[in-house]
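The block underneath contains the structure these notes are about, expressed in structure tokens.
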Amino acid sequence: MAPAALLFLGLQHVLVMYAGAVAVPLIVGRALGLAPEQVALLVSADLFACGLATLVQSWGLPGIGIRMPVMMGVTFAAVTPMVAMGTNPELGLAGIYGAVIVSGLFAFLAGPLVGRLLPLFPPVVTGTVILVIGISLMRVGVNWAGGGVGNPQYGAPLFLGIALFVLVVILLLTRYARGFVASASVLIGIVTGMLAAGLFGLVDLTRVGTAPWFDIVRPFAFGWPKFDLVASLTLCLVMVVVMIESTGMFLALAEITDDPVDEERLGRGLRADGLGTLLGGVFNTFPYSSFSQNIGLVGVTGVRSRYVAVVGGFIMLGLGLIPKLAALVEAVPQCVLGGAGLVMFGMVAATGARILGSVDFARNRNNLFIVAVSVGFGLIPLVAPNFFKQMPHALHPLLESGILLAALAAVVLNLFFNGLDDAASARSEATRIAHAAEA
């Protein structure tokens with residue numbers, strides 16, 4: 001393939017994932033009340049580590065990497081437990097990074113064994129967990145649309161109007177555009193919304209002007225990590241969910257590219273998830289997973305070469321070394337992000353609902369109880385933040401994550417009602433779930 005074509009296709013992959021890639025550092029940074037310069041640093045670190053993780057996964061190292069056209073990005077599944085850790089004064093960012101490093105090492109070592117866990121995660125479990133992830137994140141999108149928590153003008157008509165404008169732009173592009181433009185509708189909506197917000201004086205580019213054009217991303221820029229047992233175990237559980245999701249993505253991509261994936265190759269891919277997450281903890285960012293929208297793009301374009309993702313990885317690396325770009329991302333008004341967040345996070349919830357749509361509720365009414373009780377557990381931290389206030393403080397990172405509560409409840413209830421499927425059926429279901437996610 002010609003270098004120019006590789007560059008264009010790699011850039012296309014970057015643009016499709018860009019909005020989702022920068023969302024997590026913005027969510028976590030603002031939830032922890034970090035200074036704008038620190039949030040921008042999180043964005044730079046995220047882009048840089050995205051590039052590293054993508055290269056490890058698509059280009060590969062000895063014994064590591066699926067070596068397929070896979071783009072890596074920060075997983076949304078880790079957001080709520082990380083915010084719970086970061087708002088704990090005994091942990092903070094240092095506690096988050098310690099847990100990320102431990103969970104990355106755990107995933108690296110346990111990756112080859114994850115195939116044996118697939119029977120624990122049939123569609124009724126996976127769909128429920130993804131649904132709760134989307135619902136939990138929706139609170140972030142709604143608060144962004146109102147102007148951001150703590151904003152004295154929260155809910156002002158101007159903020160709501162701009163969020164609605166961004167949402168309408170995204171929906172119009174999704175409905176009427178084709179190909180790449182439709183795939184990048186969220187990013188285009190954010191850019192359009194920022195221009196509109198600028199007309200009303202809501203965009204402050206002062207920090208963009210003072211930010212340097214080039215700077216390296218330094219390891220442990222926020223200090224040395226702090227290792228906490230419960231926080232580390234919490235993110236290890238998150239990584240199990242992430243690796244199950246990645247397994248399905250790899251199997252779906254194998255079908256799309258007609259490039260079979262055996263157990264040994266699958267283990268290499270999951271090791272790359274672990275190494276990417278470990279690198280994330282070192283370079284001031286968070287757990288990594290394959291991005292489903294990019295797998296969908298492979299199916300749309302028909303380009304099966306892993307070097308497209310390799311080029312995308314190098315582009316992400318380069319973007320992470322441009323602090324001006326990170327400052328520009330940080331300068332996007334929260335109301336603009338709100339319109340996009342309603343789509344991004346809503347699509348996560350809709351994917352969970354779509355997976356649950358394939359579950360047999362008519363002949364197996366027990367599945368109704370699994371979903372009902374698990375979603376109820378998942379919503380506890382959302383609707384009653386003080387519900388576990390009297391529980392031991394060390395358990396809060398686990399108990400304040402609706403995603404983990406829902407996952408644990410769904411796995412236990414599924415075992416109680418349905419038992420375990422065989423490995424072959426579980427592998428087939430994982431592939432089908434991944435197709436539902438990237439469609």
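The chains in the structure tokens are called A, B, ... from first to last as shown; in each chain the residues are counted from 1, and the ligands are counted from 1 in the order shown.
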
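Residues with any atom within 8 Å of Val169 (chain A), counting only C-alpha atoms and excluding same-chain neighbours fewer than 6 positions away, are Ser185, Gly189 and Thr192 of chain A.
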
At most 10 Å is the cut-off: for each residue in region 272-365 of chain A with any atom that close to an atom of region 217-235 of chain A, write down the nearest atom pair and the distance in Å rounded to one decimal, counting only C-alpha atoms, chain first then increasing number, as a tab-separated table.
residue	atom	partner	partner_atom	distance
A:Leu279	CA	A:Pro219	CA	9.1
A:Gly280	CA	A:Pro219	CA	9.4
A:Gly281	CA	A:Phe220	CA	8.1
A:Val282	CA	A:Pro219	CA	5.4
A:Phe283	CA	A:Pro219	CA	4.5
A:Asn284	CA	A:Phe220	CA	6.0
A:Thr285	CA	A:Phe220	CA	9.7
A:Pro287	CA	A:Leu235	CA	8.6
A:Leu317	CA	A:Val217	CA	9.9
A:Gly320	CA	A:Val217	CA	7.5
A:Leu321	CA	A:Val217	CA	6.8
A:Ile322	CA	A:Val217	CA	9.7
A:Pro323	CA	A:Val217	CA	9.5

Put those residues in a file: all heavy atoms, as a PDB file, in the first residue's frame.
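See result-v4.pdb below for the written result:
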ATOM      1  N   LEU A 279       1.714   0.495  30.917  1.00  0.00           N
ATOM      2  CA  LEU A 279       2.327   1.713  30.387  1.00  0.00           C
ATOM      3  C   LEU A 279       1.464   2.930  30.709  1.00  0.00           C
ATOM      4  O   LEU A 279       1.985   4.018  30.992  1.00  0.00           O
ATOM      5  CB  LEU A 279       2.521   1.590  28.880  1.00  0.00           C
ATOM      6  CG  LEU A 279       3.586   0.583  28.415  1.00  0.00           C
ATOM      7  CD1 LEU A 279       3.522   0.409  26.899  1.00  0.00           C
ATOM      8  CD2 LEU A 279       4.977   1.047  28.838  1.00  0.00           C
ATOM      9  N   GLY A 280       0.148   2.735  30.682  1.00  0.00           N
ATOM     10  CA  GLY A 280      -0.745   3.834  31.033  1.00  0.00           C
ATOM     11  C   GLY A 280      -0.501   4.325  32.443  1.00  0.00           C
ATOM     12  O   GLY A 280      -0.445   5.529  32.703  1.00  0.00           O
ATOM     13  N   GLY A 281      -0.349   3.394  33.390  1.00  0.00           N
ATOM     14  CA  GLY A 281      -0.075   3.801  34.770  1.00  0.00           C
ATOM     15  C   GLY A 281       1.246   4.516  34.921  1.00  0.00           C
ATOM     16  O   GLY A 281       1.378   5.440  35.729  1.00  0.00           O
ATOM     17  N   VAL A 282       2.238   4.119  34.140  1.00  0.00           N
ATOM     18  CA  VAL A 282       3.556   4.767  34.209  1.00  0.00           C
ATOM     19  C   VAL A 282       3.503   6.168  33.601  1.00  0.00           C
ATOM     20  O   VAL A 282       4.096   7.111  34.121  1.00  0.00           O
ATOM     21  CB  VAL A 282       4.611   3.899  33.486  1.00  0.00           C
ATOM     22  CG1 VAL A 282       5.932   4.646  33.350  1.00  0.00           C
ATOM     23  CG2 VAL A 282       4.818   2.587  34.233  1.00  0.00           C
ATOM     24  N   PHE A 283       2.754   6.314  32.493  1.00  0.00           N
ATOM     25  CA  PHE A 283       2.716   7.596  31.779  1.00  0.00           C
ATOM     26  C   PHE A 283       1.481   8.423  32.114  1.00  0.00           C
ATOM     27  O   PHE A 283       0.969   9.160  31.275  1.00  0.00           O
ATOM     28  CB  PHE A 283       2.799   7.356  30.274  1.00  0.00           C
ATOM     29  CG  PHE A 283       4.188   6.994  29.800  1.00  0.00           C
ATOM     30  CD1 PHE A 283       4.525   5.677  29.536  1.00  0.00           C
ATOM     31  CD2 PHE A 283       5.165   7.961  29.650  1.00  0.00           C
ATOM     32  CE1 PHE A 283       5.801   5.327  29.113  1.00  0.00           C
ATOM     33  CE2 PHE A 283       6.441   7.635  29.227  1.00  0.00           C
ATOM     34  CZ  PHE A 283       6.761   6.318  28.962  1.00  0.00           C
ATOM     35  N   ASN A 284       0.970   8.295  33.348  1.00  0.00           N
ATOM     36  CA  ASN A 284      -0.051   9.205  33.886  1.00  0.00           C
ATOM     37  C   ASN A 284      -1.403   9.064  33.203  1.00  0.00           C
ATOM     38  O   ASN A 284      -2.117  10.057  33.013  1.00  0.00           O
ATOM     39  CB  ASN A 284       0.407  10.675  33.782  1.00  0.00           C
ATOM     40  CG  ASN A 284       1.887  10.845  34.014  1.00  0.00           C
ATOM     41  OD1 ASN A 284       2.367  10.578  35.107  1.00  0.00           O
ATOM     42  ND2 ASN A 284       2.626  11.264  33.003  1.00  0.00           N
ATOM     43  N   THR A 285      -1.789   7.844  32.844  1.00  0.00           N
ATOM     44  CA  THR A 285      -3.114   7.663  32.250  1.00  0.00           C
ATOM     45  C   THR A 285      -3.720   6.354  32.748  1.00  0.00           C
ATOM     46  O   THR A 285      -3.353   5.888  33.835  1.00  0.00           O
ATOM     47  CB  THR A 285      -3.045   7.790  30.715  1.00  0.00           C
ATOM     48  OG1 THR A 285      -4.338   7.691  30.164  1.00  0.00           O
ATOM     49  CG2 THR A 285      -2.121   6.778  30.091  1.00  0.00           C
ATOM     50  N   PRO A 287      -6.468   2.498  32.195  1.00  0.00           N
ATOM     51  CA  PRO A 287      -6.496   1.184  31.523  1.00  0.00           C
ATOM     52  C   PRO A 287      -6.927   1.268  30.057  1.00  0.00           C
ATOM     53  O   PRO A 287      -7.795   2.068  29.695  1.00  0.00           O
ATOM     54  CB  PRO A 287      -7.523   0.394  32.353  1.00  0.00           C
ATOM     55  CG  PRO A 287      -7.507   1.037  33.692  1.00  0.00           C
ATOM     56  CD  PRO A 287      -7.294   2.499  33.413  1.00  0.00           C
ATOM     57  N   LEU A 317       0.946   8.953  18.980  1.00  0.00           N
ATOM     58  CA  LEU A 317       2.174   9.302  19.696  1.00  0.00           C
ATOM     59  C   LEU A 317       2.553  10.753  19.448  1.00  0.00           C
ATOM     60  O   LEU A 317       2.874  11.506  20.382  1.00  0.00           O
ATOM     61  CB  LEU A 317       3.318   8.391  19.246  1.00  0.00           C
ATOM     62  CG  LEU A 317       3.566   7.080  19.973  1.00  0.00           C
ATOM     63  CD1 LEU A 317       4.701   6.331  19.299  1.00  0.00           C
ATOM     64  CD2 LEU A 317       3.896   7.322  21.433  1.00  0.00           C
ATOM     65  N   GLY A 320       0.333  13.272  21.155  1.00  0.00           N
ATOM     66  CA  GLY A 320       0.592  13.368  22.587  1.00  0.00           C
ATOM     67  C   GLY A 320       1.776  14.243  22.941  1.00  0.00           C
ATOM     68  O   GLY A 320       1.936  14.631  24.100  1.00  0.00           O
ATOM     69  N   LEU A 321       2.603  14.566  21.948  1.00  0.00           N
ATOM     70  CA  LEU A 321       3.782  15.411  22.184  1.00  0.00           C
ATOM     71  C   LEU A 321       3.529  16.873  21.843  1.00  0.00           C
ATOM     72  O   LEU A 321       4.456  17.666  21.816  1.00  0.00           O
ATOM     73  CB  LEU A 321       4.963  14.876  21.358  1.00  0.00           C
ATOM     74  CG  LEU A 321       5.378  13.432  21.660  1.00  0.00           C
ATOM     75  CD1 LEU A 321       6.497  12.995  20.715  1.00  0.00           C
ATOM     76  CD2 LEU A 321       5.821  13.283  23.114  1.00  0.00           C
ATOM     77  N   ILE A 322       2.257  17.221  21.579  1.00  0.00           N
ATOM     78  CA  ILE A 322       1.893  18.601  21.219  1.00  0.00           C
ATOM     79  C   ILE A 322       0.993  19.171  22.313  1.00  0.00           C
ATOM     80  O   ILE A 322      -0.241  19.013  22.273  1.00  0.00           O
ATOM     81  CB  ILE A 322       1.182  18.647  19.854  1.00  0.00           C
ATOM     82  CG1 ILE A 322       2.031  17.964  18.779  1.00  0.00           C
ATOM     83  CG2 ILE A 322       0.888  20.099  19.453  1.00  0.00           C
ATOM     84  CD1 ILE A 322       1.337  17.849  17.434  1.00  0.00           C
ATOM     85  N   PRO A 323       1.559  19.811  23.329  1.00  0.00           N
ATOM     86  CA  PRO A 323       0.743  20.343  24.428  1.00  0.00           C
ATOM     87  C   PRO A 323      -0.316  21.349  23.983  1.00  0.00           C
ATOM     88  O   PRO A 323      -1.356  21.468  24.636  1.00  0.00           O
ATOM     89  CB  PRO A 323       1.785  21.002  25.341  1.00  0.00           C
ATOM     90  CG  PRO A 323       3.050  20.253  25.063  1.00  0.00           C
ATOM     91  CD  PRO A 323       2.999  19.945  23.593  1.00  0.00           C
TER      92      PRO A 323
END

All alpha helix (DSSP H) residues (DSSP, backbone) inside region 115-189 of chain A, as a short mmCIF file (atom, residue, chain, number, x, y, z; two decimals) with N, CA, C and O atoms, in the first residue's frame:
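Contents of result-v1.cif, as written:
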data_model
loop_
_atom_site.label_atom_id
_atom_site.label_comp_id
_atom_site.auth_asym_id
_atom_site.auth_seq_id
_atom_site.Cartn_x
_atom_site.Cartn_y
_atom_site.Cartn_z
N PRO A 123 -24.14 -13.49 27.13
CA PRO A 123 -24.76 -12.21 26.78
C PRO A 123 -25.58 -11.57 27.89
O PRO A 123 -25.59 -10.34 28.02
N VAL A 124 -26.25 -12.38 28.73
CA VAL A 124 -27.06 -11.77 29.78
C VAL A 124 -26.19 -11.04 30.79
O VAL A 124 -26.61 -10.02 31.37
N VAL A 125 -24.95 -11.49 30.99
CA VAL A 125 -24.02 -10.81 31.90
C VAL A 125 -23.36 -9.63 31.20
O VAL A 125 -23.38 -8.49 31.70
N THR A 126 -22.79 -9.89 30.02
CA THR A 126 -22.07 -8.83 29.30
C THR A 126 -23.00 -7.68 28.94
O THR A 126 -22.64 -6.51 29.08
N GLY A 127 -24.19 -7.99 28.44
CA GLY A 127 -25.13 -6.94 28.07
C GLY A 127 -25.53 -6.09 29.26
O GLY A 127 -25.63 -4.86 29.16
N THR A 128 -25.74 -6.74 30.41
CA THR A 128 -26.10 -6.00 31.62
C THR A 128 -24.98 -5.07 32.05
O THR A 128 -25.23 -3.90 32.39
N VAL A 129 -23.75 -5.56 32.04
CA VAL A 129 -22.61 -4.74 32.46
C VAL A 129 -22.45 -3.53 31.53
O VAL A 129 -22.27 -2.39 31.99
N ILE A 130 -22.50 -3.74 30.22
CA ILE A 130 -22.33 -2.64 29.27
C ILE A 130 -23.48 -1.64 29.40
O ILE A 130 -23.28 -0.41 29.32
N LEU A 131 -24.70 -2.13 29.64
CA LEU A 131 -25.83 -1.23 29.87
C LEU A 131 -25.58 -0.34 31.08
O LEU A 131 -25.80 0.89 31.03
N VAL A 132 -25.10 -0.91 32.18
CA VAL A 132 -24.85 -0.13 33.40
C VAL A 132 -23.70 0.84 33.19
O VAL A 132 -23.73 1.96 33.72
N ILE A 133 -22.68 0.45 32.41
CA ILE A 133 -21.59 1.38 32.10
C ILE A 133 -22.16 2.63 31.42
O ILE A 133 -21.85 3.77 31.80
N GLY A 134 -23.00 2.43 30.41
CA GLY A 134 -23.58 3.57 29.70
C GLY A 134 -24.45 4.44 30.58
O GLY A 134 -24.38 5.67 30.54
N ILE A 135 -25.29 3.80 31.41
CA ILE A 135 -26.16 4.56 32.31
C ILE A 135 -25.34 5.35 33.32
O ILE A 135 -25.63 6.52 33.61
N SER A 136 -24.28 4.74 33.86
CA SER A 136 -23.43 5.42 34.85
C SER A 136 -22.75 6.64 34.24
O SER A 136 -22.64 7.69 34.88
N LEU A 137 -22.29 6.50 33.00
CA LEU A 137 -21.60 7.61 32.35
C LEU A 137 -22.57 8.70 31.91
O LEU A 137 -22.16 9.86 31.76
N MET A 138 -23.82 8.36 31.71
CA MET A 138 -24.79 9.35 31.23
C MET A 138 -24.89 10.54 32.18
O MET A 138 -25.13 11.68 31.76
N ARG A 139 -24.71 10.27 33.47
CA ARG A 139 -24.74 11.37 34.44
C ARG A 139 -23.68 12.42 34.10
O ARG A 139 -23.92 13.62 34.22
N VAL A 140 -22.51 11.95 33.65
CA VAL A 140 -21.44 12.88 33.25
C VAL A 140 -21.89 13.72 32.07
O VAL A 140 -21.74 14.95 32.06
N GLY A 141 -22.45 13.07 31.04
CA GLY A 141 -22.89 13.79 29.86
C GLY A 141 -23.96 14.82 30.17
O GLY A 141 -23.94 15.95 29.64
N VAL A 142 -24.91 14.46 31.02
CA VAL A 142 -25.99 15.39 31.38
C VAL A 142 -25.44 16.59 32.13
O VAL A 142 -25.82 17.75 31.86
N ASN A 143 -24.52 16.36 33.08
CA ASN A 143 -23.94 17.48 33.83
C ASN A 143 -23.08 18.36 32.92
O ASN A 143 -23.05 19.59 33.09
N TRP A 144 -22.37 17.76 31.98
CA TRP A 144 -21.64 18.56 30.99
C TRP A 144 -22.59 19.47 30.23
O TRP A 144 -22.32 20.65 30.02
N ALA A 145 -23.72 18.91 29.78
CA ALA A 145 -24.68 19.70 29.00
C ALA A 145 -25.21 20.89 29.79
O ALA A 145 -25.52 21.94 29.22
N PRO A 157 -29.91 28.54 29.80
CA PRO A 157 -30.44 28.21 28.46
C PRO A 157 -29.36 28.19 27.37
O PRO A 157 -29.44 27.39 26.44
N LEU A 158 -28.34 29.06 27.50
CA LEU A 158 -27.28 29.08 26.50
C LEU A 158 -26.52 27.75 26.49
O LEU A 158 -26.24 27.19 25.42
N PHE A 159 -26.20 27.23 27.67
CA PHE A 159 -25.50 25.95 27.75
C PHE A 159 -26.35 24.83 27.15
O PHE A 159 -25.86 24.00 26.37
N LEU A 160 -27.61 24.81 27.54
CA LEU A 160 -28.50 23.76 27.05
C LEU A 160 -28.69 23.87 25.53
O LEU A 160 -28.74 22.85 24.83
N GLY A 161 -28.76 25.11 25.03
CA GLY A 161 -28.93 25.31 23.60
C GLY A 161 -27.73 24.83 22.80
O GLY A 161 -27.88 24.20 21.74
N ILE A 162 -26.53 25.11 23.30
CA ILE A 162 -25.32 24.67 22.59
C ILE A 162 -25.20 23.15 22.63
O ILE A 162 -24.86 22.51 21.62
N ALA A 163 -25.50 22.55 23.78
CA ALA A 163 -25.47 21.08 23.86
C ALA A 163 -26.46 20.47 22.88
O ALA A 163 -26.15 19.48 22.20
N LEU A 164 -27.65 21.07 22.80
CA LEU A 164 -28.65 20.57 21.85
C LEU A 164 -28.18 20.75 20.41
O LEU A 164 -28.38 19.86 19.57
N PHE A 165 -27.53 21.88 20.12
CA PHE A 165 -27.00 22.12 18.78
C PHE A 165 -25.99 21.04 18.40
O PHE A 165 -26.03 20.50 17.29
N VAL A 166 -25.07 20.74 19.31
CA VAL A 166 -24.07 19.69 19.03
C VAL A 166 -24.76 18.35 18.79
O VAL A 166 -24.42 17.62 17.85
N LEU A 167 -25.74 18.04 19.62
CA LEU A 167 -26.47 16.78 19.46
C LEU A 167 -27.16 16.71 18.10
O LEU A 167 -27.09 15.67 17.41
N VAL A 168 -27.79 17.81 17.68
CA VAL A 168 -28.49 17.84 16.39
C VAL A 168 -27.51 17.67 15.24
O VAL A 168 -27.77 16.93 14.28
N VAL A 169 -26.35 18.33 15.32
CA VAL A 169 -25.34 18.19 14.27
C VAL A 169 -24.90 16.74 14.13
O VAL A 169 -24.81 16.19 13.03
N ILE A 170 -24.64 16.09 15.27
CA ILE A 170 -24.21 14.68 15.24
C ILE A 170 -25.29 13.80 14.63
O ILE A 170 -25.01 12.93 13.80
N LEU A 171 -26.54 14.04 15.02
CA LEU A 171 -27.63 13.22 14.50
C LEU A 171 -27.84 13.44 13.01
O LEU A 171 -28.10 12.48 12.25
N LEU A 172 -27.72 14.68 12.54
CA LEU A 172 -27.87 14.96 11.11
C LEU A 172 -26.76 14.30 10.30
O LEU A 172 -27.02 13.72 9.23
N LEU A 173 -25.52 14.36 10.81
CA LEU A 173 -24.41 13.71 10.10
C LEU A 173 -24.60 12.20 10.07
O LEU A 173 -24.34 11.54 9.06
N THR A 174 -25.05 11.66 11.20
CA THR A 174 -25.28 10.22 11.26
C THR A 174 -26.37 9.79 10.29
O THR A 174 -26.28 8.73 9.65
N ARG A 175 -27.39 10.63 10.15
CA ARG A 175 -28.54 10.29 9.29
C ARG A 175 -28.24 10.48 7.81
O ARG A 175 -28.60 9.62 6.97
N TYR A 176 -27.55 11.57 7.45
CA TYR A 176 -27.44 11.92 6.04
C TYR A 176 -26.04 11.74 5.45
O TYR A 176 -25.89 11.63 4.24
N GLY A 179 -19.99 7.02 5.01
CA GLY A 179 -18.58 6.67 5.14
C GLY A 179 -17.91 7.32 6.32
O GLY A 179 -18.43 7.35 7.45
N PHE A 180 -16.73 7.90 6.06
CA PHE A 180 -15.89 8.44 7.13
C PHE A 180 -16.58 9.57 7.87
O PHE A 180 -16.48 9.67 9.10
N VAL A 181 -17.29 10.47 7.14
CA VAL A 181 -17.94 11.61 7.80
C VAL A 181 -18.95 11.13 8.82
O VAL A 181 -19.03 11.66 9.94
N ALA A 182 -19.72 10.10 8.49
CA ALA A 182 -20.69 9.55 9.44
C ALA A 182 -19.96 8.93 10.63
O ALA A 182 -20.38 9.08 11.78
N SER A 183 -18.85 8.23 10.36
CA SER A 183 -18.09 7.59 11.44
C SER A 183 -17.49 8.60 12.39
O SER A 183 -17.35 8.34 13.58
N SER A 185 -18.75 11.55 13.12
CA SER A 185 -19.78 12.56 13.39
C SER A 185 -19.64 13.20 14.77
O SER A 185 -19.89 14.40 14.94
N VAL A 186 -19.20 12.43 15.78
CA VAL A 186 -19.06 12.98 17.12
C VAL A 186 -17.96 14.03 17.16
O VAL A 186 -18.14 15.13 17.71
N LEU A 187 -16.81 13.72 16.56
CA LEU A 187 -15.71 14.68 16.53
C LEU A 187 -16.11 15.93 15.75
O LEU A 187 -15.83 17.06 16.19
N ILE A 188 -16.76 15.76 14.61
CA ILE A 188 -17.20 16.91 13.81
C ILE A 188 -18.21 17.74 14.60
O ILE A 188 -18.19 18.98 14.56
N GLY A 189 -19.09 17.08 15.33
CA GLY A 189 -20.07 17.80 16.15
C GLY A 189 -19.40 18.63 17.23
O GLY A 189 -19.81 19.77 17.50
#

List as a compact mmCIF listing (two decimals) with C-alpha atoms, in the first residue's frame the protein and nucleic acid residues near Gly63 (chain A), meaning an atom at most 12 Å away when only C-alpha atoms are counted, but skip any in the same chain fewer than 2 places from it.
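Output file selection04.txt is given in full below:
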# COMPACT_ATOMS: atom_id res chain seq x y z
CA VAL A 56 2.25 -2.84 21.03
CA GLN A 57 -1.05 -4.39 19.91
CA TRP A 59 2.84 -3.98 15.39
CA GLY A 60 3.66 -6.29 18.25
CA LEU A 61 6.58 -7.34 20.42
CA GLY A 65 0.27 -8.20 20.46
CA ILE A 66 -2.55 -9.53 18.27
CA ARG A 67 -0.87 -8.01 15.16
CA PHE A 108 -0.41 -9.25 31.36
CA GLY A 111 -4.33 -12.73 29.73
CA PRO A 112 -3.62 -16.21 28.31
CA GLU A 264 -1.96 -18.56 21.52
CA ARG A 265 -2.56 -15.46 19.40
CA LEU A 266 -5.52 -14.44 21.55
CA GLY A 267 -3.24 -14.66 24.59
CA ARG A 268 -0.73 -12.36 22.89
CA GLY A 269 -3.47 -9.81 22.26
CA LEU A 270 -4.65 -9.86 25.86
CA ARG A 271 -1.06 -9.53 27.09
CA ALA A 272 -0.90 -6.35 24.99
CA LEU A 275 1.12 -4.09 28.89

- Calculate how many Å separate CA of Leu6 (chain A) from CA of Val298 (chain A), rounding to one decimal.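 Separation between CA of Leu6 (chain A) and CA of Val298 (chain A): 13.3 Å.
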
The distance between CA of Met239 (chain A) and CA of Phe106 (chain A) is 8.3 Å

Give me, as a Markdown table, the closest atom pair and its distance (Å, one decimal) for every residue of region 45-162 of chain A within a cut-off of 10 Å of region 240-247 of chain A, counting only C-alpha atoms, rows sorted by chain and rising number.
| residue | atom | partner | partner_atom | distance |
| --- | --- | --- | --- | --- |
| A:Thr75 | CA | A:Val242 | CA | 7.6 |
| A:Phe76 | CA | A:Val242 | CA | 9.5 |
| A:Ala77 | CA | A:Val242 | CA | 7.4 |
| A:Ala78 | CA | A:Val242 | CA | 9.0 |
| A:Ser103 | CA | A:Val240 | CA | 9.3 |
| A:Phe106 | CA | A:Val240 | CA | 9.3 |
| A:Ala107 | CA | A:Val240 | CA | 7.5 |
| A:Ala110 | CA | A:Val240 | CA | 8.9 |
| A:Gly111 | CA | A:Met243 | CA | 7.3 |
| A:Val114 | CA | A:Ile244 | CA | 7.1 |
| A:Gly115 | CA | A:Thr247 | CA | 7.8 |
| A:Leu117 | CA | A:Ile244 | CA | 7.9 |
| A:Leu118 | CA | A:Ile244 | CA | 6.6 |
| A:Leu120 | CA | A:Ile244 | CA | 9.6 |
| A:Phe121 | CA | A:Ile244 | CA | 7.6 |
| A:Thr126 | CA | A:Glu245 | CA | 8.2 |
| A:Val129 | CA | A:Val241 | CA | 8.7 |
| A:Ile130 | CA | A:Glu245 | CA | 9.7 |

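Minimum atom-to-atom distance to Val79 (chain A), evaluated using only C-alpha atoms, belongs to A:Ile96 out of A:Val303, A:Val149, A:Ile96, A:Val102.
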
Test item: residues at most 8 Å from Ala406 (chain A), only C-alpha atoms, excluding those fewer than 4 positions along its chain, as a ChimeraX atom specification: /A:128-129,132,374-378,402,410

Keeping only N, CA, C and O atoms, write the selected residues to a file as an mmCIF file, in the first residue's frame.
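This is the output file out-v4.cif:
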data_model
loop_
_atom_site.group_PDB
_atom_site.id
_atom_site.type_symbol
_atom_site.label_atom_id
_atom_site.label_comp_id
_atom_site.auth_asym_id
_atom_site.auth_seq_id
_atom_site.Cartn_x
_atom_site.Cartn_y
_atom_site.Cartn_z
ATOM 1 N N THR A 128 -25.738 -6.742 30.413
ATOM 2 C CA THR A 128 -26.101 -6.003 31.621
ATOM 3 C C THR A 128 -24.983 -5.068 32.052
ATOM 4 O O THR A 128 -25.229 -3.898 32.389
ATOM 5 N N VAL A 129 -23.752 -5.557 32.036
ATOM 6 C CA VAL A 129 -22.608 -4.736 32.464
ATOM 7 C C VAL A 129 -22.445 -3.531 31.534
ATOM 8 O O VAL A 129 -22.267 -2.390 31.994
ATOM 9 N N VAL A 132 -25.104 -0.911 32.180
ATOM 10 C CA VAL A 132 -24.853 -0.132 33.397
ATOM 11 C C VAL A 132 -23.700 0.844 33.193
ATOM 12 O O VAL A 132 -23.733 1.965 33.717
ATOM 13 N N SER A 374 -29.260 -7.155 38.874
ATOM 14 C CA SER A 374 -27.923 -6.632 38.583
ATOM 15 C C SER A 374 -27.977 -5.141 38.249
ATOM 16 O O SER A 374 -27.122 -4.371 38.702
ATOM 17 N N VAL A 375 -28.961 -4.733 37.442
ATOM 18 C CA VAL A 375 -29.105 -3.304 37.139
ATOM 19 C C VAL A 375 -29.427 -2.533 38.408
ATOM 20 O O VAL A 375 -28.918 -1.427 38.633
ATOM 21 N N GLY A 376 -30.261 -3.131 39.276
ATOM 22 C CA GLY A 376 -30.569 -2.481 40.548
ATOM 23 C C GLY A 376 -29.322 -2.248 41.385
ATOM 24 O O GLY A 376 -29.112 -1.152 41.927
ATOM 25 N N PHE A 377 -28.457 -3.275 41.474
ATOM 26 C CA PHE A 377 -27.186 -3.110 42.182
ATOM 27 C C PHE A 377 -26.336 -2.035 41.521
ATOM 28 O O PHE A 377 -25.698 -1.215 42.197
ATOM 29 N N GLY A 378 -26.310 -2.017 40.192
ATOM 30 C CA GLY A 378 -25.487 -1.055 39.471
ATOM 31 C C GLY A 378 -25.924 0.379 39.659
ATOM 32 O O GLY A 378 -25.110 1.305 39.551
ATOM 33 N N GLY A 402 -20.872 1.349 40.356
ATOM 34 C CA GLY A 402 -22.042 0.601 39.929
ATOM 35 C C GLY A 402 -21.697 -0.462 38.903
ATOM 36 O O GLY A 402 -22.334 -1.519 38.840
ATOM 37 N N ALA A 410 -24.285 -9.900 38.365
ATOM 38 C CA ALA A 410 -24.703 -10.627 37.160
ATOM 39 C C ALA A 410 -23.990 -11.972 37.051
ATOM 40 O O ALA A 410 -24.612 -12.985 36.701
#

Check your understanding: Pick the closest to Asn367 (chain A) from A:Tyr97, A:Phe417, A:Phe345, A:Phe250: which is it, counting only C-alpha atoms?
Key ->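 For Asn367 (chain A), the nearest of the candidates is A:Phe417.
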
### Message
Need the shell around region 34-44 of chain A: protein/DNA/RNA residues with any atom at most 6 Å away, counting only C-alpha atoms. Skip same-chain ones fewer than 4 positions apart. Format as an NGL selection string?
### Response
:A and (25 or 29-30 or 320 or 326-327 or 330)

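Between CA of Met194 (chain A) and CA of Val332 (chain A) there is a distance of 6.2 Å.
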